[in-house]
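Listing of upload-v9.cif, mmCIF, C-alpha atoms and all ligand atoms
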```cif
data_query
#
loop_
_atom_site.label_atom_id
_atom_site.label_comp_id
_atom_site.auth_asym_id
_atom_site.auth_seq_id
_atom_site.Cartn_x
_atom_site.Cartn_y
_atom_site.Cartn_z
CA MET A 225 -14.94 3.29 19.82
CA THR A 226 -17.15 0.55 18.48
CA SER A 227 -17.88 -2.25 20.90
CA SER A 228 -15.45 -5.10 20.60
CA VAL A 229 -15.29 -8.42 22.39
CA PHE A 230 -11.83 -7.58 23.65
CA LYS A 231 -11.17 -4.89 26.27
CA ARG A 232 -7.87 -3.07 25.91
CA CYS A 233 -5.48 -3.20 28.88
CA SER A 234 -5.15 0.10 30.72
CA GLY A 235 -1.37 0.44 30.30
CA ASN A 236 -1.44 0.28 26.49
CA PRO A 237 0.79 0.55 24.60
CA MET A 238 2.55 -1.92 26.86
CA LEU A 239 6.00 -1.91 25.28
CA THR A 240 7.30 0.73 22.86
CA PRO A 241 10.53 1.11 20.83
CA ALA A 242 11.77 3.74 23.32
CA GLN A 243 11.85 1.06 26.03
CA VAL A 244 14.17 -1.26 24.08
CA GLN A 245 17.89 -0.77 23.52
CA PRO A 246 19.13 -1.45 19.97
CA HIS A 247 21.43 -4.47 19.60
CA ARG A 248 24.30 -2.10 18.66
CA PRO A 249 24.83 1.63 19.31
CA ASP A 250 24.74 2.82 15.70
CA PHE A 251 21.23 1.38 15.26
CA GLU A 252 17.83 2.51 16.51
CA VAL A 253 14.80 0.43 17.42
CA ILE A 254 11.79 1.44 15.37
CA GLY A 255 9.46 -1.44 16.19
CA VAL A 256 8.73 -3.86 19.03
CA PHE A 257 5.69 -5.78 17.88
CA ASN A 258 3.97 -8.99 16.73
CA ALA A 259 5.26 -11.08 19.65
CA GLY A 260 4.70 -14.79 20.17
CA THR A 261 3.80 -15.87 23.72
CA ALA A 262 4.62 -18.69 26.11
CA TRP A 263 4.44 -19.73 29.75
CA TYR A 264 7.81 -20.73 31.11
CA GLN A 265 8.55 -21.46 34.79
CA GLY A 266 5.84 -19.15 36.13
CA GLU A 267 6.73 -16.32 33.77
CA ILE A 268 4.97 -15.01 30.72
CA ILE A 269 7.39 -14.78 27.83
CA LEU A 270 6.91 -12.46 24.91
CA LEU A 271 9.06 -13.38 21.95
CA LEU A 272 9.25 -9.92 20.43
CA ARG A 273 9.89 -8.99 16.86
CA VAL A 274 12.35 -6.11 17.17
CA ALA A 275 12.85 -3.98 14.05
CA GLU A 276 15.93 -1.79 13.79
CA ARG A 277 17.67 0.43 11.27
CA PRO A 278 20.91 2.39 11.22
CA VAL A 279 20.71 5.83 12.86
CA GLY A 280 20.83 8.75 10.49
CA TRP A 281 18.21 7.17 8.27
CA GLU A 282 16.25 10.42 8.05
CA GLY A 283 18.79 11.89 5.62
CA GLY A 284 18.62 11.77 1.85
CA ASP A 285 19.21 8.05 1.58
CA THR A 286 17.75 4.85 2.89
CA ARG A 287 20.18 2.56 4.68
CA ILE A 288 19.18 -1.04 4.57
CA PRO A 289 20.82 -3.61 6.88
CA ILE A 290 21.38 -6.95 5.18
CA PHE A 291 22.96 -9.93 6.91
CA ASP A 292 26.00 -11.15 4.99
CA THR A 293 26.46 -14.88 5.50
CA GLU A 294 30.06 -14.78 4.29
CA THR A 295 31.34 -12.31 6.86
CA ASN A 296 28.59 -13.08 9.43
CA LYS A 297 28.00 -9.34 9.77
CA LEU A 298 25.34 -6.84 8.84
CA GLN A 299 26.19 -4.88 5.72
CA ILE A 300 24.47 -1.59 5.00
CA LYS A 301 23.11 -1.04 1.51
CA VAL A 302 22.53 2.62 0.73
CA ILE A 303 19.80 3.64 -1.69
CA ASP A 304 19.50 7.28 -2.75
CA ARG A 305 15.91 8.37 -2.25
CA THR A 306 16.06 10.55 -5.34
CA ASP A 307 16.94 7.52 -7.49
CA GLY A 308 13.90 7.37 -9.78
CA THR A 309 14.19 3.64 -10.43
CA TYR A 310 12.91 2.87 -6.91
CA GLU A 311 9.53 3.44 -5.28
CA PHE A 312 9.27 4.22 -1.54
CA SER A 313 5.51 4.59 -1.03
CA ASP A 314 5.20 1.61 1.38
CA THR A 315 7.04 2.44 4.62
CA ARG A 316 7.89 -1.25 5.07
CA ALA A 317 9.62 -2.07 1.80
CA ILE A 318 11.22 -0.70 -1.35
CA ARG A 319 10.37 -1.81 -4.85
CA LEU A 320 11.87 -1.33 -8.27
CA LYS A 321 9.37 0.52 -10.41
CA SER A 322 10.08 -1.87 -13.29
CA ASP A 323 9.09 -4.94 -11.21
CA SER A 324 5.53 -6.27 -11.26
CA PRO A 325 3.13 -4.62 -8.78
CA GLY A 326 3.24 -5.90 -5.21
CA THR A 327 6.79 -7.24 -5.42
CA PHE A 328 9.57 -5.76 -3.29
CA ARG A 329 13.37 -5.73 -3.47
CA TYR A 330 14.34 -4.67 0.08
CA LEU A 331 12.86 -4.11 3.52
CA THR A 332 13.37 -0.72 5.19
CA SER A 333 14.18 -2.27 8.59
CA PHE A 334 15.81 -5.41 9.89
CA SER A 335 13.96 -7.65 12.35
CA TYR A 336 15.15 -10.28 14.81
CA LEU A 337 13.63 -11.96 17.90
CA ARG A 338 14.18 -10.87 21.47
CA ILE A 339 12.64 -12.06 24.74
CA ALA A 340 10.66 -10.04 27.30
CA ARG A 341 9.69 -11.65 30.62
CA SER A 342 6.96 -10.86 33.14
CA ARG A 343 5.33 -12.26 36.26
CA ASP A 344 2.10 -10.29 35.98
CA GLY A 345 1.65 -10.27 32.21
CA ARG A 346 1.65 -6.46 32.08
CA HIS A 347 5.13 -5.30 33.09
CA PHE A 348 7.89 -6.81 31.02
CA THR A 349 11.67 -6.81 31.28
CA VAL A 350 13.38 -7.06 27.91
CA ASP A 351 16.48 -9.28 27.67
CA PRO A 352 19.59 -7.27 26.78
CA ASN A 353 20.57 -9.43 23.79
CA PRO A 354 18.79 -10.89 20.78
CA PHE A 355 17.40 -14.41 21.25
CA LEU A 356 17.30 -15.42 17.59
CA PHE A 357 19.28 -13.29 15.15
CA PRO A 358 19.27 -13.86 11.37
CA ASN A 359 22.20 -15.95 10.20
CA THR A 360 21.19 -18.18 7.30
CA PRO A 361 20.93 -17.40 3.57
CA PHE A 362 17.13 -17.42 3.95
CA GLU A 363 17.16 -14.82 6.73
CA THR A 364 19.38 -12.10 5.28
CA PHE A 365 16.58 -9.50 5.35
CA GLY A 366 15.45 -10.51 8.84
CA ILE A 367 13.18 -12.79 10.82
CA GLU A 368 9.65 -11.81 11.82
CA ASP A 369 6.35 -12.63 13.50
CA PRO A 370 7.12 -15.66 15.71
CA ARG A 371 4.52 -18.05 17.09
CA VAL A 372 5.40 -20.38 19.97
CA THR A 373 3.78 -23.78 20.55
CA GLN A 374 4.59 -25.79 23.64
CA ILE A 375 4.53 -29.57 23.23
CA GLY A 376 5.73 -31.34 26.37
CA ASP A 377 8.80 -29.49 27.62
CA THR A 378 9.76 -28.22 24.16
CA TYR A 379 8.78 -24.89 22.61
CA TYR A 380 8.48 -24.85 18.82
CA ILE A 381 8.97 -21.43 17.29
CA THR A 382 7.79 -20.74 13.76
CA TYR A 383 8.78 -17.47 12.13
CA SER A 384 8.96 -15.67 8.79
CA ALA A 385 12.45 -15.92 7.28
CA VAL A 386 12.94 -13.10 4.79
CA SER A 387 15.61 -12.95 2.07
CA PRO A 388 15.85 -12.06 -1.62
CA ALA A 389 14.54 -15.63 -2.21
CA GLY A 390 11.23 -14.64 -0.60
CA VAL A 391 9.43 -15.12 2.71
CA GLY A 392 9.58 -18.70 3.97
CA VAL A 393 8.80 -20.34 7.30
CA GLY A 394 11.58 -21.21 9.72
CA LEU A 395 11.34 -23.50 12.72
CA ALA A 396 13.47 -23.23 15.86
CA ILE A 397 13.32 -25.13 19.14
CA THR A 398 14.04 -24.14 22.71
CA LYS A 399 13.52 -25.77 26.08
CA ASP A 400 14.65 -22.89 28.29
CA PHE A 401 14.43 -19.61 26.35
CA VAL A 402 18.20 -19.31 26.56
CA ASN A 403 19.46 -21.91 24.10
CA VAL A 404 17.77 -22.23 20.75
CA GLN A 405 18.35 -24.53 17.78
CA ARG A 406 17.28 -23.82 14.22
CA GLN A 407 15.58 -26.65 12.34
CA GLY A 408 15.66 -25.07 8.88
CA LEU A 409 12.83 -23.91 6.63
CA ILE A 410 9.72 -26.04 7.00
CA LEU A 411 7.84 -24.29 4.18
CA PRO A 412 9.38 -22.52 1.17
CA PRO A 413 8.45 -19.02 -0.07
CA GLU A 414 6.00 -17.53 -0.20
CA ASN A 415 4.44 -18.63 3.00
CA LYS A 416 4.00 -17.12 6.47
CA ASP A 417 1.68 -16.98 9.49
CA VAL A 418 2.33 -20.56 10.59
CA VAL A 419 0.95 -21.88 13.88
CA ILE A 420 1.46 -25.43 15.11
CA LEU A 421 -1.46 -26.97 16.99
CA PRO A 422 -0.30 -27.91 20.49
CA GLU A 423 -1.12 -31.62 20.39
CA LYS A 424 -1.47 -34.53 17.99
CA ILE A 425 -4.96 -35.19 16.68
CA GLN A 426 -5.63 -38.79 15.74
CA GLY A 427 -1.91 -39.40 15.46
CA LYS A 428 -0.98 -36.33 13.38
CA TYR A 429 0.43 -32.88 14.05
CA TYR A 430 -1.28 -29.97 12.30
CA ILE A 431 -0.27 -26.49 11.18
CA LEU A 432 -2.21 -23.59 9.78
CA HIS A 433 -0.24 -21.75 7.11
CA ARG A 434 -0.68 -19.01 4.54
CA PRO A 435 0.84 -19.48 1.08
CA ILE A 436 0.46 -16.76 -1.55
CA GLY A 437 -0.21 -17.76 -5.12
CA LYS A 438 1.75 -15.61 -7.56
CA SER A 439 -0.25 -16.34 -10.74
CA ILE A 440 -3.58 -17.69 -9.49
CA GLY A 441 -4.75 -17.86 -5.88
CA LEU A 442 -5.31 -15.60 -2.89
CA PRO A 443 -3.63 -15.08 0.49
CA GLU A 444 -5.82 -17.53 2.42
CA VAL A 445 -5.36 -20.00 5.27
CA TRP A 446 -4.44 -23.64 4.67
CA ILE A 447 -4.03 -26.63 6.98
CA ALA A 448 -1.39 -29.36 6.66
CA GLU A 449 -0.42 -32.44 8.66
CA SER A 450 2.77 -34.17 9.73
CA ASP A 451 4.06 -37.17 11.66
CA ASN A 452 7.17 -35.40 12.89
CA LEU A 453 6.65 -31.57 12.86
CA PHE A 454 9.25 -31.11 10.09
CA SER A 455 7.72 -32.56 6.90
CA TRP A 456 4.25 -31.28 6.09
CA GLY A 457 1.75 -32.76 3.63
CA ASN A 458 -1.94 -33.28 2.83
CA HIS A 459 -2.39 -29.52 2.36
CA ARG A 460 -5.99 -28.31 2.29
CA LEU A 461 -7.52 -24.87 1.91
CA LEU A 462 -9.13 -24.12 5.28
CA PHE A 463 -10.76 -20.69 5.11
CA GLY A 464 -10.77 -17.83 2.68
CA LEU A 465 -11.28 -14.13 2.11
CA ARG A 466 -14.78 -12.68 2.36
CA GLU A 467 -15.51 -10.26 -0.46
CA GLY A 468 -16.76 -6.89 0.69
CA LYS A 469 -15.98 -7.58 4.36
CA TRP A 470 -13.18 -6.46 6.70
CA ASP A 471 -11.14 -9.58 5.80
CA ASP A 472 -11.33 -9.39 2.01
CA GLY A 473 -7.65 -8.50 1.36
CA ARG A 474 -5.50 -11.08 3.14
CA ILE A 475 -5.87 -13.36 6.13
CA GLY A 476 -3.47 -15.41 8.22
CA ALA A 477 -3.40 -17.43 11.43
CA GLY A 478 -2.56 -15.40 14.53
CA ALA A 479 -2.29 -17.10 17.89
CA VAL A 480 -1.68 -20.79 18.48
CA PRO A 481 -5.19 -22.36 18.47
CA ILE A 482 -6.86 -22.63 21.88
CA LYS A 483 -8.47 -25.95 22.76
CA THR A 484 -12.06 -25.47 23.99
CA LYS A 485 -14.94 -27.90 24.48
CA GLU A 486 -16.55 -26.49 21.33
CA GLY A 487 -13.48 -26.84 19.13
CA TRP A 488 -10.10 -25.29 18.32
CA LEU A 489 -10.48 -21.54 18.64
CA GLU A 490 -8.15 -19.66 16.31
CA LEU A 491 -7.68 -15.90 16.53
CA TYR A 492 -6.60 -14.78 13.06
CA HIS A 493 -5.78 -11.50 11.37
CA GLY A 494 -7.73 -10.22 8.43
CA ALA A 495 -6.84 -7.18 6.36
CA SER A 496 -9.09 -5.29 4.02
CA LYS A 497 -7.99 -4.52 0.48
CA ARG A 498 -6.88 -1.14 1.88
CA ASN A 499 -4.52 -2.81 4.39
CA ARG A 500 -6.55 -2.24 7.55
CA TYR A 501 -5.60 -5.18 9.80
CA CYS A 502 -8.19 -6.48 12.31
CA MET A 503 -8.42 -9.61 14.42
CA GLY A 504 -11.19 -12.20 13.95
CA ALA A 505 -11.95 -15.67 15.29
CA ILE A 506 -12.74 -19.02 13.76
CA LEU A 507 -13.66 -22.37 15.30
CA LEU A 508 -12.30 -25.65 13.96
CA ASP A 509 -13.54 -29.14 14.71
CA LEU A 510 -11.65 -30.77 17.61
CA GLU A 511 -11.14 -34.13 15.91
CA GLU A 512 -11.19 -32.98 12.28
CA PRO A 513 -9.50 -29.56 12.36
CA TRP A 514 -9.78 -29.17 8.57
CA LYS A 515 -13.51 -28.53 9.17
CA VAL A 516 -14.62 -24.98 10.00
CA LEU A 517 -17.52 -24.86 12.47
CA ALA A 518 -18.07 -21.11 12.89
CA ARG A 519 -16.45 -17.73 12.21
CA SER A 520 -16.84 -14.20 13.54
CA GLU A 521 -18.89 -12.01 11.26
CA HIS A 522 -17.28 -8.84 12.64
CA PRO A 523 -13.76 -8.20 13.95
CA ILE A 524 -13.14 -9.14 17.56
CA LEU A 525 -10.66 -6.25 17.69
CA GLU A 526 -10.07 -3.49 15.16
CA PRO A 527 -7.57 -0.62 15.04
CA GLU A 528 -9.23 2.33 16.77
CA ALA A 529 -7.00 3.49 19.63
CA PRO A 530 -4.50 6.19 18.58
CA TYR A 531 -1.54 3.82 19.06
CA GLU A 532 -3.25 1.32 16.70
CA VAL A 533 -4.13 3.88 14.06
CA ASP A 534 -0.85 5.84 13.89
CA GLY A 535 2.64 4.43 13.68
CA PHE A 536 5.23 3.03 11.31
CA PHE A 537 2.46 1.28 9.39
CA GLY A 538 -0.87 2.47 10.77
CA ASN A 539 -4.26 0.82 11.18
CA VAL A 540 -2.86 -2.51 12.28
CA VAL A 541 -3.73 -4.83 15.16
CA PHE A 542 -1.80 -8.09 14.67
CA SER A 543 -1.60 -10.86 17.25
CA CYS A 544 0.85 -13.76 17.24
CA GLY A 545 -0.04 -15.08 20.69
CA VAL A 546 -2.40 -15.29 23.62
CA ILE A 547 -2.17 -16.42 27.22
CA VAL A 548 -5.20 -18.32 28.54
CA GLN A 549 -5.97 -18.51 32.26
CA ASP A 550 -9.20 -20.34 33.08
CA ASP A 551 -11.84 -18.52 31.04
CA GLU A 552 -9.78 -15.39 30.40
CA VAL A 553 -7.84 -14.85 27.19
CA THR A 554 -5.14 -12.18 27.17
CA MET A 555 -4.31 -11.34 23.61
CA TYR A 556 -0.91 -9.72 23.07
CA TYR A 557 -0.78 -7.86 19.80
CA GLY A 558 1.38 -5.59 17.70
CA VAL A 559 0.00 -2.13 16.99
CA ALA A 560 0.76 -0.14 13.84
CA ASP A 561 3.95 -2.24 13.33
CA THR A 562 5.42 -0.15 16.17
CA SER A 563 4.57 -1.29 19.71
CA MET A 564 2.97 -4.04 21.77
CA ALA A 565 -0.44 -3.85 23.41
CA CYS A 566 -2.75 -6.29 25.14
CA ALA A 567 -6.48 -6.84 25.48
CA THR A 568 -8.60 -9.33 27.38
CA ALA A 569 -11.83 -11.22 26.76
CA SER A 570 -13.57 -14.25 28.18
CA LEU A 571 -13.51 -17.43 26.13
CA LYS A 572 -17.27 -17.54 26.49
CA ASP A 573 -17.72 -14.10 24.91
CA ILE A 574 -15.39 -14.89 22.03
CA LEU A 575 -17.19 -18.15 21.31
CA SER A 576 -20.60 -16.49 21.48
CA CYS A 577 -19.79 -14.05 18.68
CA LEU A 578 -19.13 -16.84 16.19
CA SER A 579 -21.82 -17.99 13.80
C1 LIG B 1 2.49 -8.28 7.15
C2 LIG B 1 2.65 -9.14 8.37
C3 LIG B 1 3.13 -8.38 9.57
C4 LIG B 1 2.73 -6.93 9.59
C5 LIG B 1 1.57 -6.65 8.69
C6 LIG B 1 1.20 -5.18 8.63
O1 LIG B 1 1.77 -8.96 6.18
O2 LIG B 1 3.47 -10.23 8.12
O3 LIG B 1 4.51 -8.50 9.74
O4 LIG B 1 2.44 -6.56 10.91
O5 LIG B 1 1.83 -7.08 7.39
O6 LIG B 1 2.25 -4.43 8.09
#
```
Show me, as structure tokens, the structure contained in the file I just sent.
Amino acid sequence: MTSSVFKRCSGNPMLTPAQVQPHRPDFEVIGVFNAGTAWYQGEIILLLRVAERPVGWEGGDTRIPIFDTETNKLQIKVIDRTDGTYEFSDTRAIRLKSDSPGTFRYLTSFSYLRIARSRDGRHFTVDPNPFLFPNTPFETFGIEDPRVTQIGDTYYITYSAVSPAGVGVGLAITKDFVNVQRQGLILPPENKDVVILPEKIQGKYYILHRPIGKSIGLPEVWIAESDNLFSWGNHRLLFGLREGKWDDGRIGAGAVPIKTKEGWLELYHGASKRNRYCMGAILLDLEEPWKVLARSEHPILEPEAPYEVDGFFGNVVFSCGVIVQDDEVTMYYGVADTSMACATASLKDILSCLS
């Protein structure tokens, strides 16, 4: 394996679908990945994205769970795989051949958020029930990829809310990882990969976010500010794709930015045009976070271990959260849209590979 700043934890993959019970017996868990992280009362919390689908999926048809807001139940839509009007080449989603390229009609699995708890950061116990389950018109296809920011005693959870209307950004709040309150969509489709900075800077809150332009524009990272965490304005393009490099396809914020003496350290994901997802790092000015100070030339972690290369959607390392203890950063990350893994690095080493 090529040298990387991060060292993989020995027990990887740390949490796999086989270790998680589906939320109902006629479903199976096919992914436990892209978890947000938090410290709560001496425990490390992983807010897992759990992806499920009805059992029996391997037959001739695809069964797609869709949350029905009228009955408050999951309905199963069945699509015959021999139906020539659909295309199934992406394992994650189904498109109508007549639609414009890159647009999808359905997802092949249904995601919700579930909590895993640990004292040592390596061995996790998964809660028996979902923590946040889709139930609004903007979540009918599922909720994905949470990031958790602690401000005072409140944890702000941003997540992708997926529905036929597109992928927007939901916000939910918890103080105890038992009770949770939705705050609605803070950014409309298409937008995802939102992290809230953990403190006000010169009187304003900041988020990093990733809109996608449909006619002109690229999937790049923006910054916005707010007085209240709910209404966001003064949007500015923060950093972009790098043609010919590992992050020339799409980029998005990963973990909640880490405050260091040098600046805000953001671990972000970057995919190539061929959908190989790596992690990189970027440093933002402490007082003026819309200014980029330095960026990693090479990935700080790239998919190389077998569990990162092969899976539901292979060649993916994708982090939504880290835990920092003194100088050590533990990065929790989803692998191949299937399982969770972790890797560690010192803050010093991460900072020294930025230029
Ligand atoms: C999407 C992300 C993640 C996922 C990657 C790789 O863009 O939002 O949910 O892990 O692609 O499939």
Adding 3 Å on each side of the box along x, y and z that holds all listed atoms of segment 553-565 of chain A, could you give its centre and edge lengths in Å to one decimal, as JSON?
```
{"center_x": -1.2, "center_y": -7.5, "center_z": 20.3, "size_x": 19.3, "size_y": 20.7, "size_z": 19.9}
```
Exercise. For ligand LIG 1 (chain B), collect every residue having any atom at a distance of at most 6 Å from a ligand atom (counting all atoms listed in the file); output as an MDAnalysis selection string.
Key: chainID A and resid 369 537 542 561
Counting only C-alpha atoms, which residues in segment 359-443 of chain A sit no more than 8 Å from segment 480-504 of chain A? For each one, give the nearest pair of atoms and the distance in Å, sorted by chain then residue number, as CSV.
```
residue,atom,partner,partner_atom,distance
A:Arg371,CA,A:Val480,CA,6.9
A:Val372,CA,A:Val480,CA,7.2
A:Thr373,CA,A:Val480,CA,6.6
A:Val419,CA,A:Val480,CA,5.4
A:Ile420,CA,A:Val480,CA,6.5
A:Leu421,CA,A:Pro481,CA,6.1
A:Pro422,CA,A:Val480,CA,7.5
```
Quiz item: What lies within 9 Å of Leu525 of chain A using only C-alpha atoms, ignoring chain neighbours under 3 positions off, as a PyMOL selection string?
Solution: chain A and resi 227-231+502-504+522+528+541+567
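Of note, atom CA of Val302 of chain A and atom CA of Val253 of chain A are spaced 18.5 Å apart.
Compared by their closest atoms to Ala477 of chain A, and using all atoms listed in the file, the residues A:Phe536, A:Pro370, A:Ile375, A:Pro413 rank with A:Pro370 nearest.
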Practice problem: Measuring atom to atom with all atoms listed in the file, identify which of A:Arg277, A:Thr360, A:Gly468, A:Lys438 is nearest to Gly326 of chain A. | Solution: A:Lys438
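Between atom CA of Gly464 of chain A and atom CA of Ser570 of chain A the separation is 25.9 Å.
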Practice problem: Compile the contact shell of Pro412 of chain A as a PyMOL selection string: residues with an atom at most 8 Å away, counting all atoms listed in the file, same-chain residues fewer than 5 positions apart removed. | Solution: chain A and resi 391-393
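Across A:Gly535, A:Pro241, A:Gly558, A:Pro278, the tightest approach to Arg316 of chain A is made by A:Gly535 when counting all atoms listed in the file.
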